[in-house]
Amino acid sequence: MDPGLIRRCAADLVNARHAVAFTGAGISTESGIPDFRGPSGIWTKDPEAERRSYEIFGILKAIITQNIDGLHQKAGSKNVLEFHGSIYKLRCIYCGCRFPRSEFEVEVREKKVPLCRKCRSPLKVDVVYFTEPIPGDVYELSFAEAMKCDLMLVCGTSAVVYPAAELPRVAKRRGARVVEVNFEETPITREHISDYILKGKAGEILPKIVEVVKELRKKSF
Ligand code: NAD
Ligand code: ZN
């Protein structure tokens, strides 16, 4: 891991007006949830990794995640946009309202269809399946962030699933700096969408960036 690039990324974060993150399955692998395309299972489960790597998300204005595992929120991050939904939520097929799955345990137990508290239409799991369109609200909010940001930190995604993979491309077109954290190159590295890539484990790289960010911030006060 290049210490020069860690410093560069930390400085970019400190200087950014509106930094956002775009994450994929690779941000969760070290918490024991396997990804799809990365070489999974090559390291052992490290429960501490989750907290360490997520610390950086406190300095970001928004986190757009393709993950459905709810780990960003569990780690305390705010303004998490779950582009592909969440396994912990149900969504109304009519009005799109979301509700915590835990509120419908009775219906699930009695094998009744859970109904929307607002419009009484059936609820389905919030997860977006491969052929399904992205729900309009999260789609719009995510693309608005991609257009607004001046720095996008792209962590642990192979950037091949569309329309999500369009987000760093949009950010780049709007003049944002795009920084990747991944242990392998992706199409956005090869197409020079990302300005640079920090190669390695997110759980090791992100805490190092946080350390330098803290140093730089101390210096500026
Ligand atoms: P992906 O599996 O296609 O790619 C994961 C990427 O992360 C790879 O490029 C890999 O090299 C990298 N990676 C893996 N572990 C890493 C680590 N510790 N540090 C740095 N980089 C690491 O995942 P994707 O791009 O998110 O696309 C898969 C789709 O499947 C997503 O849309 C998501 O909805 C879904 N999915 C979600 C989860 C989850 O919720 N945790 C898990 C698997 C798949
Ligand atoms: Zn409804």
# chains A, B, ... in the order shown; residues from 1 in each chain; ligands from 1
>>> residues_around(residues="Cys119 (chain A)", least_positions_apart="5", cutoff="9 Å", atoms="only C-alpha atoms", output="PyMOL selection string")
chain A and resi 92+94-95
>>> write_last_selection(atoms="N, CA, C and O atoms", output="short mmCIF file (atom, residue, chain, number, x, y, z; two decimals), in the first residue's frame")
data_model
loop_
_atom_site.label_atom_id
_atom_site.label_comp_id
_atom_site.auth_asym_id
_atom_site.auth_seq_id
_atom_site.Cartn_x
_atom_site.Cartn_y
_atom_site.Cartn_z
N CYS A 92 -43.63 -0.96 -0.12
CA CYS A 92 -44.99 -1.04 -0.67
C CYS A 92 -44.93 -1.12 -2.19
O CYS A 92 -44.23 -0.32 -2.83
N TYR A 94 -47.17 -0.36 -4.16
CA TYR A 94 -47.93 0.73 -4.78
C TYR A 94 -47.31 2.11 -4.54
O TYR A 94 -46.98 2.81 -5.48
N CYS A 95 -47.12 2.47 -3.26
CA CYS A 95 -46.65 3.84 -2.99
C CYS A 95 -45.15 3.92 -2.70
O CYS A 95 -44.59 5.00 -2.60
#
>>> select_by_dssp(residues="region 3-213 of chain A", states="helix (DSSP H, G or I)", output="MDAnalysis selection string")
chainID A and resid 3:15 25:27 29:31 47:59 71:74 101:109 136:148 166:173 187:190 202:213
>>> closest_residue(among="A:Arg8, A:Arg17, A:Lys61, A:Arg91", to="ligand 2", atoms="only C-alpha atoms and all ligand atoms")
A:Arg91
>>> closest_residue(among="A:Ala164, A:Asp12, A:Val154, A:Val113", to="His84 (chain A)", atoms="only C-alpha atoms")
A:Ala164
>>> residues_near_ligand(ligand="ligand 2", cutoff="10 Å", atoms="only C-alpha atoms and all ligand atoms", output="number ranges by chain")
A: 91-98, 115-123
>>> select_by_dssp(residues="region 149-186 of chain A", states="strand (DSSP E)", output="list of chain:residue names")
A:Leu151, A:Met152, A:Leu153, A:Val154, A:Cys155, A:Arg177, A:Val178, A:Val179, A:Glu180, A:Val181, A:Asn182
>>> residues_near_ligand(ligand="ligand 1", cutoff="7 Å", atoms="only C-alpha atoms and all ligand atoms", output="PyMOL selection string")
chain A and resi 23-30+33-40+66-69+84+155-161+181-184+186+200-203
>>> residues_around(residues="Val213 (chain A)", least_positions_apart="3", cutoff="7 Å", atoms="only C-alpha atoms", output="MDAnalysis selection string")
chainID A and resid 10:11 14 209:210 216:217
>>> closest_residue(among="A:Pro3, A:Gly85, A:Pro114, A:Pro168", to="Val212 (chain A)", atoms="only C-alpha atoms")
A:Pro3
>>> residues_around(residues="Glu185 (chain A)", least_positions_apart="4", cutoff="10 Å", atoms="only C-alpha atoms", output="mmCIF file with N, CA, C and O atoms, in the first residue's frame")
data_model
loop_
_atom_site.group_PDB
_atom_site.id
_atom_site.type_symbol
_atom_site.label_atom_id
_atom_site.label_comp_id
_atom_site.auth_asym_id
_atom_site.auth_seq_id
_atom_site.Cartn_x
_atom_site.Cartn_y
_atom_site.Cartn_z
ATOM 1 N N SER A 158 -17.003 -3.869 -8.070
ATOM 2 C CA SER A 158 -16.421 -4.219 -9.366
ATOM 3 C C SER A 158 -16.918 -3.257 -10.446
ATOM 4 O O SER A 158 -16.442 -3.303 -11.577
ATOM 5 N N GLU A 180 -10.621 5.233 -6.075
ATOM 6 C CA GLU A 180 -11.047 3.853 -5.823
ATOM 7 C C GLU A 180 -10.256 3.194 -4.705
ATOM 8 O O GLU A 180 -9.040 3.409 -4.587
ATOM 9 N N VAL A 181 -10.964 2.385 -3.922
ATOM 10 C CA VAL A 181 -10.299 1.499 -2.968
ATOM 11 C C VAL A 181 -10.758 0.087 -3.340
ATOM 12 O O VAL A 181 -11.935 -0.236 -3.245
ATOM 13 N N THR A 189 -11.183 1.842 -13.375
ATOM 14 C CA THR A 189 -9.739 2.118 -13.336
ATOM 15 C C THR A 189 -9.235 2.153 -14.780
ATOM 16 O O THR A 189 -8.538 3.077 -15.199
ATOM 17 N N ARG A 190 -9.597 1.118 -15.508
ATOM 18 C CA ARG A 190 -9.065 0.959 -16.862
ATOM 19 C C ARG A 190 -9.551 2.051 -17.813
ATOM 20 O O ARG A 190 -8.841 2.463 -18.722
ATOM 21 N N ILE A 197 -6.159 4.689 -7.753
ATOM 22 C CA ILE A 197 -6.713 3.550 -7.008
ATOM 23 C C ILE A 197 -5.787 3.220 -5.835
ATOM 24 O O ILE A 197 -4.559 3.174 -5.993
ATOM 25 N N LEU A 198 -6.393 3.050 -4.660
ATOM 26 C CA LEU A 198 -5.652 2.572 -3.497
ATOM 27 C C LEU A 198 -5.884 1.071 -3.460
ATOM 28 O O LEU A 198 -7.001 0.614 -3.187
ATOM 29 N N LYS A 199 -4.845 0.341 -3.790
ATOM 30 C CA LYS A 199 -5.002 -1.107 -3.930
ATOM 31 C C LYS A 199 -4.774 -1.821 -2.617
ATOM 32 O O LYS A 199 -3.724 -1.642 -1.987
#
>>> residues_around(residues="Lys214 (chain A)", least_positions_apart="4", cutoff="12 Å", atoms="only C-alpha atoms", output="ChimeraX atom specification")
/A:7,10-11,13-14,55-56,58-59,207-210,218-221
>>> atom_distance(atom1="CA of Lys74 (chain A)", atom2="CA of Leu153 (chain A)")
19.7 Å
>>> residues_around(residues="Met152 (chain A)", least_positions_apart="5", cutoff="8 Å", atoms="only C-alpha atoms", output="number ranges by chain")
A: 19-22, 146, 168, 171, 176-179
>>> atom_distance(atom1="CA of Leu206 (chain A)", atom2="CA of Ile6 (chain A)")
8.7 Å
>>> decode(residues="region 87-99 of chain A", atoms="all heavy atoms", output="PDB file, in the first residue's frame")
ATOM      1  N   ILE A  87     -32.253  -5.799   3.133  1.00  0.00           N
ATOM      2  CA  ILE A  87     -32.920  -7.031   3.603  1.00  0.00           C
ATOM      3  C   ILE A  87     -33.719  -6.772   4.887  1.00  0.00           C
ATOM      4  O   ILE A  87     -34.505  -7.606   5.289  1.00  0.00           O
ATOM      5  CB  ILE A  87     -31.914  -8.195   3.845  1.00  0.00           C
ATOM      6  CG1 ILE A  87     -30.751  -7.729   4.743  1.00  0.00           C
ATOM      7  CG2 ILE A  87     -31.417  -8.794   2.552  1.00  0.00           C
ATOM      8  CD1 ILE A  87     -29.869  -8.862   5.244  1.00  0.00           C
ATOM      9  N   TYR A  88     -33.480  -5.622   5.508  1.00  0.00           N
ATOM     10  CA  TYR A  88     -34.164  -5.314   6.766  1.00  0.00           C
ATOM     11  C   TYR A  88     -35.446  -4.512   6.574  1.00  0.00           C
ATOM     12  O   TYR A  88     -36.077  -4.100   7.531  1.00  0.00           O
ATOM     13  CB  TYR A  88     -33.220  -4.550   7.706  1.00  0.00           C
ATOM     14  CG  TYR A  88     -32.064  -5.402   8.143  1.00  0.00           C
ATOM     15  CD1 TYR A  88     -30.770  -5.157   7.675  1.00  0.00           C
ATOM     16  CD2 TYR A  88     -32.266  -6.475   9.002  1.00  0.00           C
ATOM     17  CE1 TYR A  88     -29.711  -5.957   8.062  1.00  0.00           C
ATOM     18  CE2 TYR A  88     -31.213  -7.276   9.393  1.00  0.00           C
ATOM     19  CZ  TYR A  88     -29.939  -7.015   8.920  1.00  0.00           C
ATOM     20  OH  TYR A  88     -28.901  -7.810   9.307  1.00  0.00           O
ATOM     21  N   LYS A  89     -35.807  -4.253   5.319  1.00  0.00           N
ATOM     22  CA  LYS A  89     -36.994  -3.418   5.074  1.00  0.00           C
ATOM     23  C   LYS A  89     -37.974  -4.106   4.130  1.00  0.00           C
ATOM     24  O   LYS A  89     -37.590  -4.954   3.324  1.00  0.00           O
ATOM     25  CB  LYS A  89     -36.560  -2.086   4.453  1.00  0.00           C
ATOM     26  CG  LYS A  89     -35.803  -1.204   5.431  1.00  0.00           C
ATOM     27  CD  LYS A  89     -35.328   0.060   4.750  1.00  0.00           C
ATOM     28  CE  LYS A  89     -34.310   0.784   5.618  1.00  0.00           C
ATOM     29  NZ  LYS A  89     -33.489   1.689   4.825  1.00  0.00           N
ATOM     30  N   LEU A  90     -39.222  -3.672   4.242  1.00  0.00           N
ATOM     31  CA  LEU A  90     -40.247  -4.067   3.286  1.00  0.00           C
ATOM     32  C   LEU A  90     -40.674  -2.795   2.551  1.00  0.00           C
ATOM     33  O   LEU A  90     -40.620  -1.704   3.114  1.00  0.00           O
ATOM     34  CB  LEU A  90     -41.448  -4.682   4.003  1.00  0.00           C
ATOM     35  CG  LEU A  90     -41.190  -5.957   4.806  1.00  0.00           C
ATOM     36  CD1 LEU A  90     -42.471  -6.418   5.500  1.00  0.00           C
ATOM     37  CD2 LEU A  90     -40.645  -7.078   3.921  1.00  0.00           C
ATOM     38  N   ARG A  91     -41.075  -2.967   1.288  1.00  0.00           N
ATOM     39  CA  ARG A  91     -41.447  -1.788   0.481  1.00  0.00           C
ATOM     40  C   ARG A  91     -42.821  -2.008  -0.152  1.00  0.00           C
ATOM     41  O   ARG A  91     -43.116  -3.100  -0.640  1.00  0.00           O
ATOM     42  CB  ARG A  91     -40.380  -1.546  -0.595  1.00  0.00           C
ATOM     43  CG  ARG A  91     -40.682  -0.414  -1.544  1.00  0.00           C
ATOM     44  CD  ARG A  91     -39.438   0.045  -2.316  1.00  0.00           C
ATOM     45  NE  ARG A  91     -38.527  -1.038  -2.652  1.00  0.00           N
ATOM     46  CZ  ARG A  91     -38.534  -1.695  -3.816  1.00  0.00           C
ATOM     47  NH1 ARG A  91     -39.408  -1.404  -4.748  1.00  0.00           N
ATOM     48  NH2 ARG A  91     -37.636  -2.651  -4.027  1.00  0.00           N
ATOM     49  N   CYS A  92     -43.630  -0.957  -0.120  1.00  0.00           N
ATOM     50  CA  CYS A  92     -44.991  -1.036  -0.668  1.00  0.00           C
ATOM     51  C   CYS A  92     -44.927  -1.116  -2.189  1.00  0.00           C
ATOM     52  O   CYS A  92     -44.230  -0.321  -2.828  1.00  0.00           O
ATOM     53  CB  CYS A  92     -45.788   0.184  -0.229  1.00  0.00           C
ATOM     54  SG  CYS A  92     -47.424   0.256  -0.990  1.00  0.00           S
ATOM     55  N   ILE A  93     -45.648  -2.061  -2.763  1.00  0.00           N
ATOM     56  CA  ILE A  93     -45.602  -2.221  -4.219  1.00  0.00           C
ATOM     57  C   ILE A  93     -46.350  -1.093  -4.929  1.00  0.00           C
ATOM     58  O   ILE A  93     -46.164  -0.871  -6.115  1.00  0.00           O
ATOM     59  CB  ILE A  93     -46.171  -3.587  -4.688  1.00  0.00           C
ATOM     60  CG1 ILE A  93     -47.628  -3.747  -4.266  1.00  0.00           C
ATOM     61  CG2 ILE A  93     -45.332  -4.748  -4.173  1.00  0.00           C
ATOM     62  CD1 ILE A  93     -48.342  -4.878  -4.994  1.00  0.00           C
ATOM     63  N   TYR A  94     -47.171  -0.355  -4.157  1.00  0.00           N
ATOM     64  CA  TYR A  94     -47.934   0.735  -4.776  1.00  0.00           C
ATOM     65  C   TYR A  94     -47.312   2.109  -4.543  1.00  0.00           C
ATOM     66  O   TYR A  94     -46.977   2.813  -5.482  1.00  0.00           O
ATOM     67  CB  TYR A  94     -49.391   0.715  -4.271  1.00  0.00           C
ATOM     68  CG  TYR A  94     -50.222   1.792  -4.898  1.00  0.00           C
ATOM     69  CD1 TYR A  94     -50.574   1.741  -6.251  1.00  0.00           C
ATOM     70  CD2 TYR A  94     -50.642   2.895  -4.148  1.00  0.00           C
ATOM     71  CE1 TYR A  94     -51.313   2.758  -6.835  1.00  0.00           C
ATOM     72  CE2 TYR A  94     -51.385   3.911  -4.728  1.00  0.00           C
ATOM     73  CZ  TYR A  94     -51.718   3.832  -6.066  1.00  0.00           C
ATOM     74  OH  TYR A  94     -52.449   4.838  -6.645  1.00  0.00           O
ATOM     75  N   CYS A  95     -47.123   2.467  -3.258  1.00  0.00           N
ATOM     76  CA  CYS A  95     -46.651   3.841  -2.988  1.00  0.00           C
ATOM     77  C   CYS A  95     -45.150   3.915  -2.705  1.00  0.00           C
ATOM     78  O   CYS A  95     -44.585   5.001  -2.596  1.00  0.00           O
ATOM     79  CB  CYS A  95     -47.448   4.481  -1.852  1.00  0.00           C
ATOM     80  SG  CYS A  95     -47.018   3.905  -0.207  1.00  0.00           S
ATOM     81  N   GLY A  96     -44.486   2.775  -2.577  1.00  0.00           N
ATOM     82  CA  GLY A  96     -43.024   2.776  -2.410  1.00  0.00           C
ATOM     83  C   GLY A  96     -42.552   3.042  -0.988  1.00  0.00           C
ATOM     84  O   GLY A  96     -41.347   3.066  -0.736  1.00  0.00           O
ATOM     85  N   CYS A  97     -43.486   3.249  -0.054  1.00  0.00           N
ATOM     86  CA  CYS A  97     -43.098   3.478   1.351  1.00  0.00           C
ATOM     87  C   CYS A  97     -42.333   2.263   1.888  1.00  0.00           C
ATOM     88  O   CYS A  97     -42.663   1.127   1.554  1.00  0.00           O
ATOM     89  CB  CYS A  97     -44.358   3.629   2.192  1.00  0.00           C
ATOM     90  SG  CYS A  97     -44.599   5.276   2.776  1.00  0.00           S
ATOM     91  N   ARG A  98     -41.350   2.544   2.750  1.00  0.00           N
ATOM     92  CA  ARG A  98     -40.582   1.443   3.338  1.00  0.00           C
ATOM     93  C   ARG A  98     -40.859   1.345   4.829  1.00  0.00           C
ATOM     94  O   ARG A  98     -41.064   2.366   5.490  1.00  0.00           O
ATOM     95  CB  ARG A  98     -39.092   1.644   3.116  1.00  0.00           C
ATOM     96  CG  ARG A  98     -38.664   1.539   1.664  1.00  0.00           C
ATOM     97  CD  ARG A  98     -37.179   1.814   1.522  1.00  0.00           C
ATOM     98  NE  ARG A  98     -36.770   1.836   0.125  1.00  0.00           N
ATOM     99  CZ  ARG A  98     -36.982   2.845  -0.710  1.00  0.00           C
ATOM    100  NH1 ARG A  98     -37.590   3.929  -0.291  1.00  0.00           N
ATOM    101  NH2 ARG A  98     -36.583   2.784  -1.977  1.00  0.00           N
ATOM    102  N   PHE A  99     -40.821   0.123   5.342  1.00  0.00           N
ATOM    103  CA  PHE A  99     -41.048  -0.125   6.765  1.00  0.00           C
ATOM    104  C   PHE A  99     -40.044  -1.163   7.256  1.00  0.00           C
ATOM    105  O   PHE A  99     -39.665  -2.057   6.502  1.00  0.00           O
ATOM    106  CB  PHE A  99     -42.469  -0.680   6.989  1.00  0.00           C
ATOM    107  CG  PHE A  99     -43.547   0.227   6.461  1.00  0.00           C
ATOM    108  CD1 PHE A  99     -44.021   0.067   5.161  1.00  0.00           C
ATOM    109  CD2 PHE A  99     -44.069   1.249   7.245  1.00  0.00           C
ATOM    110  CE1 PHE A  99     -44.998   0.914   4.654  1.00  0.00           C
ATOM    111  CE2 PHE A  99     -45.051   2.097   6.747  1.00  0.00           C
ATOM    112  CZ  PHE A  99     -45.522   1.932   5.444  1.00  0.00           C
TER     113      PHE A  99
END
